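One file, input.txt, is given below (compact mmCIF, C-alpha atoms).
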```txt
# COMPACT_ATOMS: atom_id res chain seq x y z
CA MET F 1 86.59 80.28 82.12
CA LEU F 2 88.70 80.00 85.25
CA GLU F 3 90.42 76.61 85.35
CA ALA F 4 93.35 77.06 87.74
CA LEU F 5 94.69 79.13 90.62
CA ILE F 6 98.43 79.78 90.75
CA PHE F 7 99.74 80.75 94.18
CA ASP F 8 102.86 82.56 95.21
CA VAL F 9 104.32 81.08 98.43
CA ASP F 10 106.23 83.46 100.73
CA GLY F 11 103.87 86.14 101.98
CA THR F 12 100.91 84.69 100.06
CA LEU F 13 100.32 81.19 101.38
CA ALA F 14 101.85 82.14 104.74
CA GLU F 15 103.68 84.98 106.45
CA THR F 16 107.05 83.26 106.15
CA GLU F 17 109.39 86.21 105.71
CA GLU F 18 110.20 86.65 109.39
CA LEU F 19 111.23 82.99 109.52
CA HIS F 20 113.40 83.55 106.45
CA ARG F 21 115.00 86.59 108.10
CA ARG F 22 115.74 84.56 111.24
CA ALA F 23 117.25 81.77 109.13
CA PHE F 24 119.49 84.25 107.31
CA ASN F 25 120.69 85.78 110.59
CA ASP F 26 121.29 82.38 112.18
CA THR F 27 123.32 81.38 109.13
CA PHE F 28 125.40 84.56 109.29
CA SER F 29 126.09 83.90 112.96
CA ALA F 30 127.09 80.27 112.33
CA ALA F 31 129.51 81.48 109.65
CA ASN F 32 131.01 84.02 112.07
CA LEU F 33 129.83 86.82 109.83
CA ASP F 34 129.24 89.86 112.01
CA ARG F 35 126.06 90.97 110.30
CA HIS F 36 122.39 91.00 111.31
CA TRP F 37 119.46 91.89 109.08
CA SER F 38 116.96 94.07 110.90
CA VAL F 39 113.33 94.22 109.80
CA GLU F 40 114.09 97.37 107.81
CA ASP F 41 117.22 95.80 106.26
CA TYR F 42 115.18 92.82 105.16
CA ARG F 43 112.33 94.96 103.83
CA ARG F 44 114.86 96.74 101.62
CA LEU F 45 116.55 93.51 100.50
CA LEU F 46 113.21 91.90 99.62
CA THR F 47 113.09 94.14 96.56
CA THR F 48 115.65 91.65 95.22
CA THR F 49 113.90 88.33 94.68
CA GLY F 50 115.55 84.99 95.43
CA GLY F 51 117.67 83.97 98.41
CA LYS F 52 120.95 83.60 96.53
CA GLU F 53 120.38 86.92 94.79
CA ARG F 54 119.61 88.59 98.11
CA ILE F 55 122.83 87.22 99.62
CA ALA F 56 124.79 88.38 96.56
CA ARG F 57 123.38 91.90 96.92
CA PHE F 58 124.23 91.92 100.60
CA ILE F 59 127.77 90.70 99.98
CA ALA F 60 128.30 93.36 97.32
CA GLU F 61 127.10 96.02 99.75
CA ILE F 62 129.48 94.96 102.54
CA GLY F 63 132.38 94.08 100.24
CA ALA F 64 132.83 90.44 101.31
CA ALA F 65 133.51 88.82 97.94
CA GLN F 66 135.21 85.77 99.48
CA ILE F 67 131.90 84.34 100.74
CA ASP F 68 130.61 81.24 98.93
CA ILE F 69 127.08 82.34 98.03
CA ALA F 70 125.83 78.89 97.03
CA ALA F 71 127.13 77.26 100.23
CA MET F 72 125.68 80.01 102.40
CA HIS F 73 122.31 79.70 100.69
CA ARG F 74 122.29 75.92 101.22
CA ALA F 75 123.04 76.46 104.90
CA LYS F 76 120.29 79.04 105.14
CA THR F 77 117.80 76.68 103.46
CA ASP F 78 118.73 73.93 105.92
CA ARG F 79 118.22 76.32 108.83
CA TYR F 80 114.88 77.56 107.45
CA THR F 81 113.66 73.98 107.00
CA ALA F 82 114.63 73.17 110.58
CA LEU F 83 112.87 76.26 111.93
CA MET F 84 109.78 75.47 109.89
CA ALA F 85 109.69 71.94 111.31
CA GLU F 86 109.59 73.39 114.84
CA GLY F 87 106.10 74.73 114.11
CA GLY F 88 104.61 78.13 114.76
CA ILE F 89 103.78 78.89 111.12
CA ALA F 90 100.25 78.97 109.75
CA LEU F 91 98.49 79.69 106.49
CA ARG F 92 97.31 83.24 106.01
CA THR F 93 93.67 83.67 106.94
CA GLY F 94 91.42 82.62 104.10
CA ILE F 95 94.02 80.66 102.13
CA GLY F 96 93.01 77.24 103.44
CA ALA F 97 89.33 77.84 102.72
CA LEU F 98 90.14 79.20 99.26
CA ILE F 99 92.17 76.09 98.39
CA ASP F 100 89.41 73.82 99.70
CA GLN F 101 86.78 75.68 97.66
CA ALA F 102 88.94 75.60 94.55
CA ARG F 103 89.43 71.85 94.84
CA ALA F 104 85.70 71.30 95.45
CA SER F 105 84.92 73.43 92.37
CA GLY F 106 87.22 71.34 90.19
CA LEU F 107 89.85 74.04 89.80
CA ARG F 108 93.45 72.98 89.39
CA LEU F 109 96.05 74.26 91.86
CA ALA F 110 99.61 75.37 91.15
CA VAL F 111 102.48 77.21 92.77
CA ALA F 112 104.79 79.74 91.10
CA THR F 113 107.42 80.99 93.51
CA THR F 114 110.90 82.46 93.63
CA THR F 115 111.73 80.34 96.65
CA SER F 116 113.35 76.90 96.30
CA ARG F 117 111.49 73.60 96.16
CA PRO F 118 112.81 72.49 99.59
CA ASN F 119 111.26 75.61 101.12
CA VAL F 120 107.92 74.84 99.48
CA GLU F 121 108.09 71.30 100.85
CA ALA F 122 108.94 72.55 104.33
CA LEU F 123 105.92 74.83 104.38
CA ALA F 124 103.56 72.14 103.08
CA LEU F 125 104.69 69.68 105.73
CA ALA F 126 104.38 72.34 108.44
CA VAL F 127 100.86 73.52 107.60
CA TRP F 128 99.25 70.46 105.96
CA ASP F 129 101.47 67.61 107.18
CA ARG F 130 101.54 66.50 103.56
CA PRO F 131 104.07 66.81 100.70
CA ALA F 132 103.59 69.84 98.48
CA GLY F 133 102.91 67.57 95.50
CA GLU F 134 99.78 66.27 97.22
CA MET F 135 98.43 69.79 97.63
CA PHE F 136 99.39 71.29 94.28
CA GLU F 137 99.27 69.62 90.88
CA VAL F 138 102.07 71.86 89.59
CA ILE F 139 104.99 73.43 91.44
CA ALA F 140 107.26 75.86 89.62
CA ALA F 141 110.10 77.02 91.89
CA GLY F 142 112.73 79.71 91.64
CA ASP F 143 115.62 77.26 91.40
CA GLU F 144 114.16 75.97 88.12
CA VAL F 145 114.27 79.21 86.12
CA ASP F 146 116.98 81.57 84.92
CA ARG F 147 115.22 84.78 85.92
CA LYS F 148 113.17 85.34 89.02
CA LYS F 149 110.26 87.68 89.65
CA PRO F 150 109.53 90.35 88.40
CA ALA F 151 110.50 88.36 85.29
CA PRO F 152 107.62 86.09 84.17
CA ASP F 153 109.72 82.89 83.89
CA VAL F 154 108.33 80.99 86.86
CA TYR F 155 104.73 81.76 85.89
CA LEU F 156 105.41 80.72 82.30
CA LEU F 157 106.84 77.46 83.64
CA ALA F 158 103.72 76.87 85.74
CA LEU F 159 101.47 77.57 82.76
CA ALA F 160 103.48 75.18 80.57
CA ARG F 161 103.18 72.43 83.17
CA LEU F 162 99.46 73.04 83.56
CA GLY F 163 99.04 73.06 79.80
CA LEU F 164 96.66 76.00 80.08
CA PRO F 165 96.55 79.46 78.54
CA ALA F 166 97.07 82.39 80.88
CA ALA F 167 93.51 83.57 80.24
CA HIS F 168 92.17 80.48 82.02
CA CYS F 169 94.25 80.98 85.18
CA LEU F 170 94.44 83.45 88.05
CA ALA F 171 97.56 84.35 90.04
CA LEU F 172 97.47 85.16 93.76
CA GLU F 173 100.26 87.35 95.07
CA ASP F 174 101.36 89.60 97.92
CA SER F 175 104.08 91.76 96.32
CA ARG F 176 104.68 94.23 93.52
CA ASN F 177 107.41 91.99 92.05
CA GLY F 178 105.02 89.04 92.03
CA LEU F 179 102.26 91.08 90.43
CA ALA F 180 104.66 92.28 87.72
CA ALA F 181 105.76 88.71 87.02
CA ALA F 182 102.19 87.46 86.73
CA ARG F 183 101.12 90.30 84.47
CA ALA F 184 104.20 89.83 82.25
CA ALA F 185 103.12 86.20 81.81
CA GLY F 186 99.67 87.37 80.69
CA LEU F 187 97.92 86.42 83.92
CA ALA F 188 95.24 88.30 85.78
CA CYS F 189 96.39 88.68 89.38
CA VAL F 190 94.78 89.46 92.72
CA VAL F 191 96.88 90.77 95.59
CA SER F 192 96.69 90.73 99.35
CA PRO F 193 99.77 92.50 100.77
CA SER F 194 101.81 90.73 103.43
CA THR F 195 103.54 92.32 106.41
CA TYR F 196 106.58 93.26 104.33
CA THR F 197 104.73 94.49 101.23
CA VAL F 198 102.04 96.77 102.63
CA GLY F 199 102.22 100.10 100.84
CA GLU F 200 103.70 98.81 97.58
CA ASP F 201 102.23 99.92 94.26
CA PHE F 202 99.79 97.29 92.98
CA THR F 203 98.64 99.10 89.86
CA GLY F 204 97.53 96.49 87.33
CA ALA F 205 96.10 94.03 89.84
CA LEU F 206 92.62 92.66 89.17
CA GLY F 207 91.84 93.30 92.82
CA VAL F 208 93.66 94.27 96.01
CA ARG F 209 92.35 93.33 99.45
CA ALA F 210 93.77 93.52 102.95
CA GLY F 211 93.15 89.79 103.44
CA PHE F 212 92.30 86.84 101.22
CA THR F 213 88.96 86.32 102.96
CA GLU F 214 87.85 89.65 101.48
CA PHE F 215 87.82 88.19 97.97
CA ASP F 216 84.67 86.22 98.97
CA GLY F 217 85.96 82.85 97.87
CA ILE F 218 85.90 81.34 94.40
CA SER F 219 82.60 83.02 93.54
CA GLY F 220 84.10 86.41 94.37
CA LEU F 221 87.20 85.73 92.29
CA ASN F 222 85.02 84.65 89.37
CA ALA F 223 83.00 87.84 89.72
CA LEU F 224 86.18 89.90 89.48
CA ILE F 225 87.26 88.02 86.37
CA MET F 226 83.85 88.39 84.75
CA GLY F 227 83.86 92.09 85.55
CA GLN F 228 87.22 92.42 83.82
CA THR F 229 86.02 90.67 80.67
CA ALA F 230 82.52 92.13 80.53
```
Could you write out this file's structure as structure tokens?
Amino acid sequence: MLEALIFDVDGTLAETEELHRRAFNDTFSAANLDRHWSVEDYRRLLTTTGGKERIARFIAEIGAAQIDIAAMHRAKTDRYTALMAEGGIALRTGIGALIDQARASGLRLAVATTTSRPNVEALALAVWDRPAGEMFEVIAAGDEVDRKKPAPDVYLLALARLGLPAAHCLALEDSRNGLAAARAAGLACVVSPSTYTVGEDFTGALGVRAGFTEFDGISGLNALIMGQTA
């Protein structure tokens, strides 16, 4: 029986990656670092999950070992939060209705994300004008685990906080790394690719749709789960 939905954040709840890319570039500029991530640069770097890890990969590639990764990531988070507060971000089509239906059906709601808790809070305030903790019973963030997606750690943390077995939960993702993390945690997972993940290999997903509205709400998700277990 389905008891909880566990959502990824970036690319799943909202198309946030362009705002992240802008925040990274603004941070590089403020630090007088003569680098700019293009869309294609960022698409390539997104195969490494986690902001600090992405910066570390970038620094290794350009040979700038003197950069303080933690300080740069804090500055980037501050810039992202400020940009988010300016508005212009919205939930992906179908996500709001799905969350409303889940709550009305008595399903529990959780987040399992590689992004940091401040970024989750910034998004919640931007799209719901409410703290993330009022929207989701459980929030498991990337800064709370040792290994980020595609490792299962953040999903295992969400499951532990929910106190539920994986078989009673469903993960919602937009990326191959997220799908791999969910599956490694024993979760069934549905996928709707985001702008940056279209074309990735989603083998192993319970269902893949162009948009979240195409899952036909909670009844459609339940039908997929029942079809898997029939």
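Of the residues listed (F:Ala166, F:Gly207, F:Ser219, F:Gly50), F:Gly50 shows the shortest atom-to-atom separation from Val145 of chain F; distances use all atoms listed in the file.
Counting all atoms listed in the file and comparing F:Gly11, F:Gly51, F:Gly211, F:Pro131, the residue that lies closest to Phe24 of chain F is F:Gly51.
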So, counting only C-alpha atoms, which residue among F:Arg43, F:Lys148, F:His36, F:His73 is closest to Ala56 of chain F? F:His73
Centre, edges in Å (one decimal): axis-aligned box, segment 10-19 of chain F, 5 Å padding on all six sides, as lines of an AutoDock Vina configuration file:
```
center_x = 105.8
center_y = 83.9
center_z = 104.8
size_x = 20.9
size_y = 15.5
size_z = 19.5
```
Quick one: everything within 10 Å of Phe58 of chain F, counting only C-alpha atoms, minus sequence neighbours fewer than 6 positions away in the same chain. Send it as a PyMOL selection string. chain F and resi 35+37+41+45+52+64
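The space between atom CA of Ala112 of chain F and atom CA of Ala188 of chain F spans 13.9 Å.
With only C-alpha atoms as the atoms that count, the residue of F:Ile67, F:Val190, F:Ala126, F:Ala182 with the shortest distance to Phe212 of chain F is F:Val190.
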Distance query Thr12 of chain F at most 7 Å, only C-alpha atoms, self and fewer than 5 positions along chain excluded, as a PDB file with C-alpha atoms, in the coordinates of the input:
```
ATOM      1  CA  GLU F 173     100.260  87.350  95.070  1.00  0.00           C
ATOM      2  CA  ASP F 174     101.360  89.600  97.920  1.00  0.00           C
ATOM      3  CA  SER F 194     101.810  90.730 103.430  1.00  0.00           C
TER       4      SER F 194
END
```
The residues within 12 Å of (91.7, 92.2, 99.2), using only C-alpha atoms and the coordinates of the file, should be reported as a ChimeraX atom specification; which are they? /F:12,93-94,172-174,189-194,198,202,205-217,220-221,224
So, counting only C-alpha atoms, which residue among F:Arg57, F:Glu15, F:Asp10, F:Lys76 is closest to Phe28 of chain F? F:Lys76
Dig up all the protein and nucleic acid residues within 8 Å of (103.5, 93.5, 91.2) in the file frame, using only C-alpha atoms, and format them as number ranges by chain. F: 150, 173, 175-183, 201-205
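When atom CA of Phe7 of chain F is paired with atom CA of Ala23 of chain F, their separation reads 23.0 Å.
Of the residues under consideration (F:Ile6, F:Ala82, F:Leu33, F:Met1), F:Ala82 shows the shortest atom-to-atom contact distance to Ala122 of chain F when counting all atoms listed in the file.
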What gap, in Å, lies between atom CA of Ile225 of chain F and atom CA of Ala151 of chain F? 23.3 Å
Within 10 Å of Met135 of chain F, counting only C-alpha atoms, which residues show up once you throw out same-chain ones fewer than 4 positions away? Write them as a list in words, please. Ile99, Arg103, Leu109, Ala110, Val111, Ala124, Trp128, Arg130, Pro131 and Ile139 of chain F
